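Down below is the structure, laid out as structure tokens.
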Amino acid sequence: MAKALAQPNLTAGSMYSQSARLIFQRHRSLIIQPILILIISAGLAIGLSRAHLDVIEKVTINKKFIFRAIQDHLILSFASAAVILAVAIPAGILLTRRRYKKFTPIVLILANIGQAFPAVGVLIIAGILFGFGKPIAIFSFAAFGILPILRNTIVGLQEIDPFIIESAMGMGMTPKQALRQIELPLAVPVILAGVRTTLILTVGVATLGVFVNGGGLGTLIIPGLKLNRELVLVTGGILTVIVAFTMDWLARAAEELLRPRGI
Amino acid sequence: MSNTTHGQEIRLEKLTKRYPNTAKDAVSEFDLVIPAGECVVFVGPSGCGKTTTMKMINRIIEPTSGRIVIGGQDVTKTPAHELRRNIGYVIQQIGLFPHMTISDNVATVPQLLGWDKSKTRARVNELLDLVGLDPSEYGSRYPKQLSGGQQQRVGVARALAADPAVLLMDEPFGATDPITRVRLQKEFRALQRELKKTVVFVTHDFEEALLLGDRIAVLSDQSKVEQYGTPLEILSAPATKKVESFVGEAASVRMLGLVSLSGVSVASGNVDGPTLPETATLREAMEGFITGAKAINIGTKGHLTFEALQSAISSTRKGAQ
């Protein structure tokens, strides 16, 4: 490796600066994004600390309320993303096995319908039918966000060169060994891209959790709207953006880390 | 490679493949005995079923009926993954695992068989050496960092890793450029002479079949065996019209390429002219005369005149028929 990369006409110094530049170019957005997130957060914090709050605003614009909302929001997003992962990845694997391939179109249609339904509608109906609270919110969001991971798992597995799988079988791997050692690692980049999309989706949709008493940043946005307090509304909005940005950054860092070398 | 497993006989009995919803068999009642330690080349036009036939031997394609016997043992019902661990498999598309290093690729079957780490590592290094890739330089690379020819060497090394008795090769050199192909073919021939595996080799390239095959099976539609014999037998006495058309016009010239110069009678003393080793063929000597040589030195043994070559050629043709 080192031999192949080294070029004789480069001095050690210029090689170092060149590879440093390469790393920066490759990871530019990964490095810039957290800086942006910090700047936005700091700006919001400074703005809020200087604002003159009225009695109604003081109910929501305080550390305790805001951190509780963020915490709930993270719980809603992560929990629904976890439910989605637990359902969509195994389902995607099953739907690419020969025996279950025939169900793929039907399942994709169902997942499409899940995403096409207005999330608020699904949430309210689920609330009315099954009661209010976080669990109902989590499962409703999961139904809404299942499509990207399901689709990407299927596509990621289908896109693998069939001759790679044939040679794995030809070496004497059992179907399970081929799946674990060859197919899944090769599908990881595509699956992770789906995970990122889903995480962002769930962060956005989790603002609706407030409608079924699920908490989250919706507890700033909706009262802000109803009571005509723009500061509260905008604070909730910006915080949602910050959380979504952070999730996106984490997921992309995971993509970089988990992508198998060599592909 | 001190204790290499030599090849085992493969016996294919009434091997048949019929795909669902098709009117006729893809391969119909295929019977063939492949002797232990020989390289048998299946050659035939595309779509004749030669690849299907080969892939039924390790049951990548499951036969509809018939029997596969390897080394006296019926493996038609053996669990496929166990059967395949004892059969090396090389395909045209190579199929290296892109996310694994070259070493890990070659170690695939030893790992499936549960070899310990040091034994596996030693074996991987031995095999990379055997196919002409320095383990310290290439072992930790990934497949996409290698050229096509190098990748196929790794493919061959991977197939040989667990020292199988049988090797199946499906047009392994077909996707490489002509120069690399000839080099790989010659290397493989030398390797096979040393290892003496039982090799089933599929190609549509008759030249390749002549170069590599101890025996050639010329196949036509539905994998029907038109002729099964040594390269010389097939060139000198094509059994059917189809074989004749496959052998082509230049059969006699090709035949000369199969006979070495070790048997020709030479005049003593070396002369002014080109020199060929004794292992060179009548065809190479012929080419020497065509390009203007008056006589050709055969090693240090003496020199060959055009008249002596002519009589050697005519006795070869008589001998073959």
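Residue numbers start at 1 in each chain; chains themselves are named A, B, ... in the order of the structure tokens; ligands are numbered from 1 in the order shown.
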Q: Restrict the distance test to only C-alpha atoms, flag each residue of chain B within 8 Å of chain A, and return the flagged residues as number ranges by chain.
A: B: 58, 60, 80-85, 87-91, 93-101, 108-109, 112, 137, 140-144, 159
Can you write out the residues you just picked, keeping N, CA and C atoms, as an mmCIF file, in the first residue's frame?
data_model
loop_
_atom_site.group_PDB
_atom_site.id
_atom_site.type_symbol
_atom_site.label_atom_id
_atom_site.label_comp_id
_atom_site.auth_asym_id
_atom_site.auth_seq_id
_atom_site.Cartn_x
_atom_site.Cartn_y
_atom_site.Cartn_z
ATOM 1 N N ASN B 58 -20.296 -29.111 -9.314
ATOM 2 C CA ASN B 58 -20.309 -28.662 -7.909
ATOM 3 C C ASN B 58 -21.711 -28.202 -7.489
ATOM 4 N N ILE B 60 -23.669 -25.906 -8.356
ATOM 5 C CA ILE B 60 -24.121 -24.515 -8.408
ATOM 6 C C ILE B 60 -25.420 -24.510 -9.196
ATOM 7 N N ALA B 80 -24.533 -29.506 -0.434
ATOM 8 C CA ALA B 80 -23.786 -28.795 -1.480
ATOM 9 C C ALA B 80 -22.575 -28.052 -0.925
ATOM 10 N N HIS B 81 -22.740 -27.382 0.257
ATOM 11 C CA HIS B 81 -21.615 -26.576 0.729
ATOM 12 C C HIS B 81 -20.419 -27.441 1.118
ATOM 13 N N GLU B 82 -20.667 -28.665 1.593
ATOM 14 C CA GLU B 82 -19.543 -29.548 1.929
ATOM 15 C C GLU B 82 -18.835 -30.032 0.672
ATOM 16 N N LEU B 83 -19.636 -30.393 -0.329
ATOM 17 C CA LEU B 83 -19.076 -30.822 -1.610
ATOM 18 C C LEU B 83 -18.172 -29.732 -2.179
ATOM 19 N N ARG B 84 -18.672 -28.484 -2.136
ATOM 20 C CA ARG B 84 -17.971 -27.384 -2.823
ATOM 21 C C ARG B 84 -16.663 -27.012 -2.145
ATOM 22 N N ARG B 85 -16.555 -27.257 -0.847
ATOM 23 C CA ARG B 85 -15.304 -26.919 -0.169
ATOM 24 C C ARG B 85 -14.153 -27.788 -0.652
ATOM 25 N N ILE B 87 -13.936 -28.653 -3.916
ATOM 26 C CA ILE B 87 -13.825 -28.438 -5.356
ATOM 27 C C ILE B 87 -13.457 -26.982 -5.595
ATOM 28 N N GLY B 88 -12.298 -26.760 -6.202
ATOM 29 C CA GLY B 88 -11.918 -25.386 -6.524
ATOM 30 C C GLY B 88 -12.799 -24.841 -7.637
ATOM 31 N N TYR B 89 -13.077 -23.541 -7.590
ATOM 32 C CA TYR B 89 -14.034 -22.976 -8.534
ATOM 33 C C TYR B 89 -13.538 -21.626 -9.022
ATOM 34 N N VAL B 90 -13.323 -21.521 -10.316
ATOM 35 C CA VAL B 90 -12.842 -20.264 -10.898
ATOM 36 C C VAL B 90 -13.789 -19.866 -12.021
ATOM 37 N N ILE B 91 -14.300 -18.635 -11.988
ATOM 38 C CA ILE B 91 -15.218 -18.205 -13.046
ATOM 39 C C ILE B 91 -14.642 -17.011 -13.794
ATOM 40 N N GLN B 93 -15.835 -14.148 -14.413
ATOM 41 C CA GLN B 93 -16.024 -12.848 -13.770
ATOM 42 C C GLN B 93 -15.210 -12.740 -12.485
ATOM 43 N N ILE B 94 -14.435 -13.757 -12.190
ATOM 44 C CA ILE B 94 -13.513 -13.834 -11.054
ATOM 45 C C ILE B 94 -14.250 -13.843 -9.729
ATOM 46 N N GLY B 95 -15.087 -12.818 -9.480
ATOM 47 C CA GLY B 95 -15.900 -12.844 -8.266
ATOM 48 C C GLY B 95 -15.105 -12.767 -6.985
ATOM 49 N N LEU B 96 -14.000 -12.005 -6.987
ATOM 50 C CA LEU B 96 -13.307 -11.778 -5.715
ATOM 51 C C LEU B 96 -14.213 -10.946 -4.816
ATOM 52 N N PHE B 97 -14.040 -11.091 -3.497
ATOM 53 C CA PHE B 97 -14.864 -10.324 -2.571
ATOM 54 C C PHE B 97 -14.233 -8.940 -2.400
ATOM 55 N N PRO B 98 -14.898 -7.883 -2.894
ATOM 56 C CA PRO B 98 -14.234 -6.572 -2.971
ATOM 57 C C PRO B 98 -13.900 -5.972 -1.613
ATOM 58 N N HIS B 99 -14.611 -6.390 -0.557
ATOM 59 C CA HIS B 99 -14.378 -5.776 0.749
ATOM 60 C C HIS B 99 -13.334 -6.531 1.556
ATOM 61 N N MET B 100 -12.730 -7.558 0.958
ATOM 62 C CA MET B 100 -11.717 -8.319 1.686
ATOM 63 C C MET B 100 -10.364 -8.146 1.003
ATOM 64 N N THR B 101 -9.298 -8.204 1.793
ATOM 65 C CA THR B 101 -7.965 -8.110 1.208
ATOM 66 C C THR B 101 -7.698 -9.357 0.370
ATOM 67 N N THR B 108 -10.434 -17.822 2.105
ATOM 68 C CA THR B 108 -11.867 -18.095 2.273
ATOM 69 C C THR B 108 -12.163 -19.554 2.646
ATOM 70 N N VAL B 109 -11.710 -20.482 1.803
ATOM 71 C CA VAL B 109 -12.073 -21.881 2.061
ATOM 72 C C VAL B 109 -11.359 -22.443 3.307
ATOM 73 N N LEU B 112 -13.444 -21.454 6.126
ATOM 74 C CA LEU B 112 -14.695 -22.215 6.209
ATOM 75 C C LEU B 112 -14.428 -23.600 6.780
ATOM 76 N N GLU B 137 3.729 -7.807 -0.830
ATOM 77 C CA GLU B 137 3.318 -6.628 -1.581
ATOM 78 C C GLU B 137 1.812 -6.618 -1.841
ATOM 79 N N SER B 140 -2.074 -7.431 1.405
ATOM 80 C CA SER B 140 -2.960 -6.529 2.128
ATOM 81 C C SER B 140 -3.705 -5.572 1.200
ATOM 82 N N ARG B 141 -3.560 -5.767 -0.115
ATOM 83 C CA ARG B 141 -4.322 -4.913 -1.036
ATOM 84 C C ARG B 141 -5.746 -5.416 -1.180
ATOM 85 N N TYR B 142 -6.548 -4.557 -1.806
ATOM 86 C CA TYR B 142 -7.930 -4.950 -2.111
ATOM 87 C C TYR B 142 -8.045 -5.255 -3.603
ATOM 88 N N PRO B 143 -9.020 -6.093 -3.971
ATOM 89 C CA PRO B 143 -9.107 -6.535 -5.369
ATOM 90 C C PRO B 143 -9.073 -5.394 -6.384
ATOM 91 N N LYS B 144 -9.759 -4.293 -6.091
ATOM 92 C CA LYS B 144 -9.818 -3.253 -7.132
ATOM 93 C C LYS B 144 -8.470 -2.571 -7.351
ATOM 94 N N ALA B 159 -9.019 -20.676 -5.434
ATOM 95 C CA ALA B 159 -9.615 -21.976 -5.729
ATOM 96 C C ALA B 159 -8.737 -23.118 -5.235
#
Q: Quick one: everything within 6 Å of segment 275-286 of chain B, counting only C-alpha atoms, minus sequence neighbours fewer than 6 positions away in the same chain. Send it as a ChimeraX atom specification.
A: /B:256-257,259-262,296-299
Convert the current residue selection to file output with C-alpha atoms, as a PDB file, in the first residue's frame.
ATOM      1  CA  LEU B 256       2.008 -29.365 -35.887  1.00  0.00           C
ATOM      2  CA  GLY B 257       1.749 -27.160 -32.822  1.00  0.00           C
ATOM      3  CA  VAL B 259       4.247 -32.237 -31.665  1.00  0.00           C
ATOM      4  CA  SER B 260       7.614 -31.358 -30.152  1.00  0.00           C
ATOM      5  CA  LEU B 261      10.924 -31.362 -31.932  1.00  0.00           C
ATOM      6  CA  SER B 262      12.413 -33.977 -29.639  1.00  0.00           C
ATOM      7  CA  ILE B 296      17.322 -24.379 -37.629  1.00  0.00           C
ATOM      8  CA  ASN B 297      19.495 -25.369 -34.700  1.00  0.00           C
ATOM      9  CA  ILE B 298      17.780 -27.639 -32.233  1.00  0.00           C
ATOM     10  CA  GLY B 299      19.400 -26.765 -28.933  1.00  0.00           C
TER      11      GLY B 299
END
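For segment 27-37 of chain B, the list of residues within 6 Å, based on only C-alpha atoms and with local chain neighbours fewer than 6 positions off taken out, reads B:Gly7, B:Gln8, B:Glu9, B:Ile10, B:Arg11, B:Leu12, B:Glu13, B:Lys14, B:Leu15, B:Thr16, B:Lys17, B:Gly49, B:Lys196, B:Lys197, B:Thr198, B:Gln222, B:Ser223.
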(Q) List the spatial neighbours of segment 238-251 of chain A as a VMD selection string - criterion: any atom at most 8 Å away, only C-alpha atoms, same-chain residues fewer than 6 positions off excluded. (A) chain A and resid 30 33 to 34 37 40 to 41 44 70 192 195 to 196 199 to 200 203 to 204 207 217
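Across the structure, atom CA of Thr53 of chain B and atom CA of Phe206 of chain B are spaced 18.0 Å apart.
Distances to Ala161 of chain B were evaluated for B:Lys77, B:Lys241, B:Arg121, B:Arg59 using only C-alpha atoms, and the minimum falls at B:Arg121.
Of the residues under consideration (A:Pro148, A:Gly224, A:Pro118, A:Gly214), A:Pro148 shows the shortest atom-to-atom contact distance to Gly92 of chain A when counting only C-alpha atoms.
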Q: Find the residues around Gly148 of chain B up to 9 Å (only C-alpha atoms counted), leave out those fewer than 4 positions away in its own chain, and share them as JSON, numbers by chain.
A: {"B": [94, 144, 152, 153, 175, 176, 177, 180]}
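Reported to one decimal place, the separation of atom CA of Arg180 of chain A from atom CA of Gln92 of chain B is 24.5 Å.
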Q: Identify, with DSSP run on backbone atoms, the residues in segment 208-302 of chain B assigned to helix (DSSP H, G or I), and express the list as a PyMOL selection string.
A: chain B and resi 208-212+221-223+231-236+241-247+251-256+261-263+282-290
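In this structure, atom CA of Glu207 of chain B sits 8.4 Å away from atom CA of Arg254 of chain B.
For segment 42-182 of chain B, a DSSP pass over the backbone yields strand (DSSP E or B) at B:Phe42, B:Val43, B:Ser65, B:Gly66, B:Arg67, B:Ile68, B:Val69, B:Ile70, B:Gln73, B:Asp74, B:Ile87, B:Gly88, B:Tyr89, B:Val90, B:Ile91, B:Val166, B:Leu167, B:Leu168, B:Met169, B:Asp170.
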Selected residues written out with C-alpha atoms, as an mmCIF file, in the first residue's frame:
data_model
loop_
_atom_site.group_PDB
_atom_site.id
_atom_site.type_symbol
_atom_site.label_atom_id
_atom_site.label_comp_id
_atom_site.auth_asym_id
_atom_site.auth_seq_id
_atom_site.Cartn_x
_atom_site.Cartn_y
_atom_site.Cartn_z
ATOM 1 C CA PHE B 42 -15.338 -28.732 -22.633
ATOM 2 C CA VAL B 43 -15.418 -26.816 -25.855
ATOM 3 C CA SER B 65 -31.503 -36.156 -12.739
ATOM 4 C CA GLY B 66 -28.379 -38.261 -13.102
ATOM 5 C CA ARG B 67 -25.395 -39.020 -10.908
ATOM 6 C CA ILE B 68 -22.108 -37.317 -10.056
ATOM 7 C CA VAL B 69 -19.380 -39.611 -8.729
ATOM 8 C CA ILE B 70 -16.108 -38.102 -7.566
ATOM 9 C CA GLN B 73 -18.108 -41.520 -4.075
ATOM 10 C CA ASP B 74 -21.605 -40.530 -5.142
ATOM 11 C CA ILE B 87 -13.825 -28.438 -5.356
ATOM 12 C CA GLY B 88 -11.918 -25.386 -6.524
ATOM 13 C CA TYR B 89 -14.034 -22.976 -8.534
ATOM 14 C CA VAL B 90 -12.842 -20.264 -10.898
ATOM 15 C CA ILE B 91 -15.218 -18.205 -13.046
ATOM 16 C CA VAL B 166 -10.901 -31.182 -8.399
ATOM 17 C CA LEU B 167 -10.841 -27.783 -10.059
ATOM 18 C CA LEU B 168 -13.679 -26.315 -12.134
ATOM 19 C CA MET B 169 -12.829 -23.410 -14.394
ATOM 20 C CA ASP B 170 -15.395 -21.530 -16.457
#
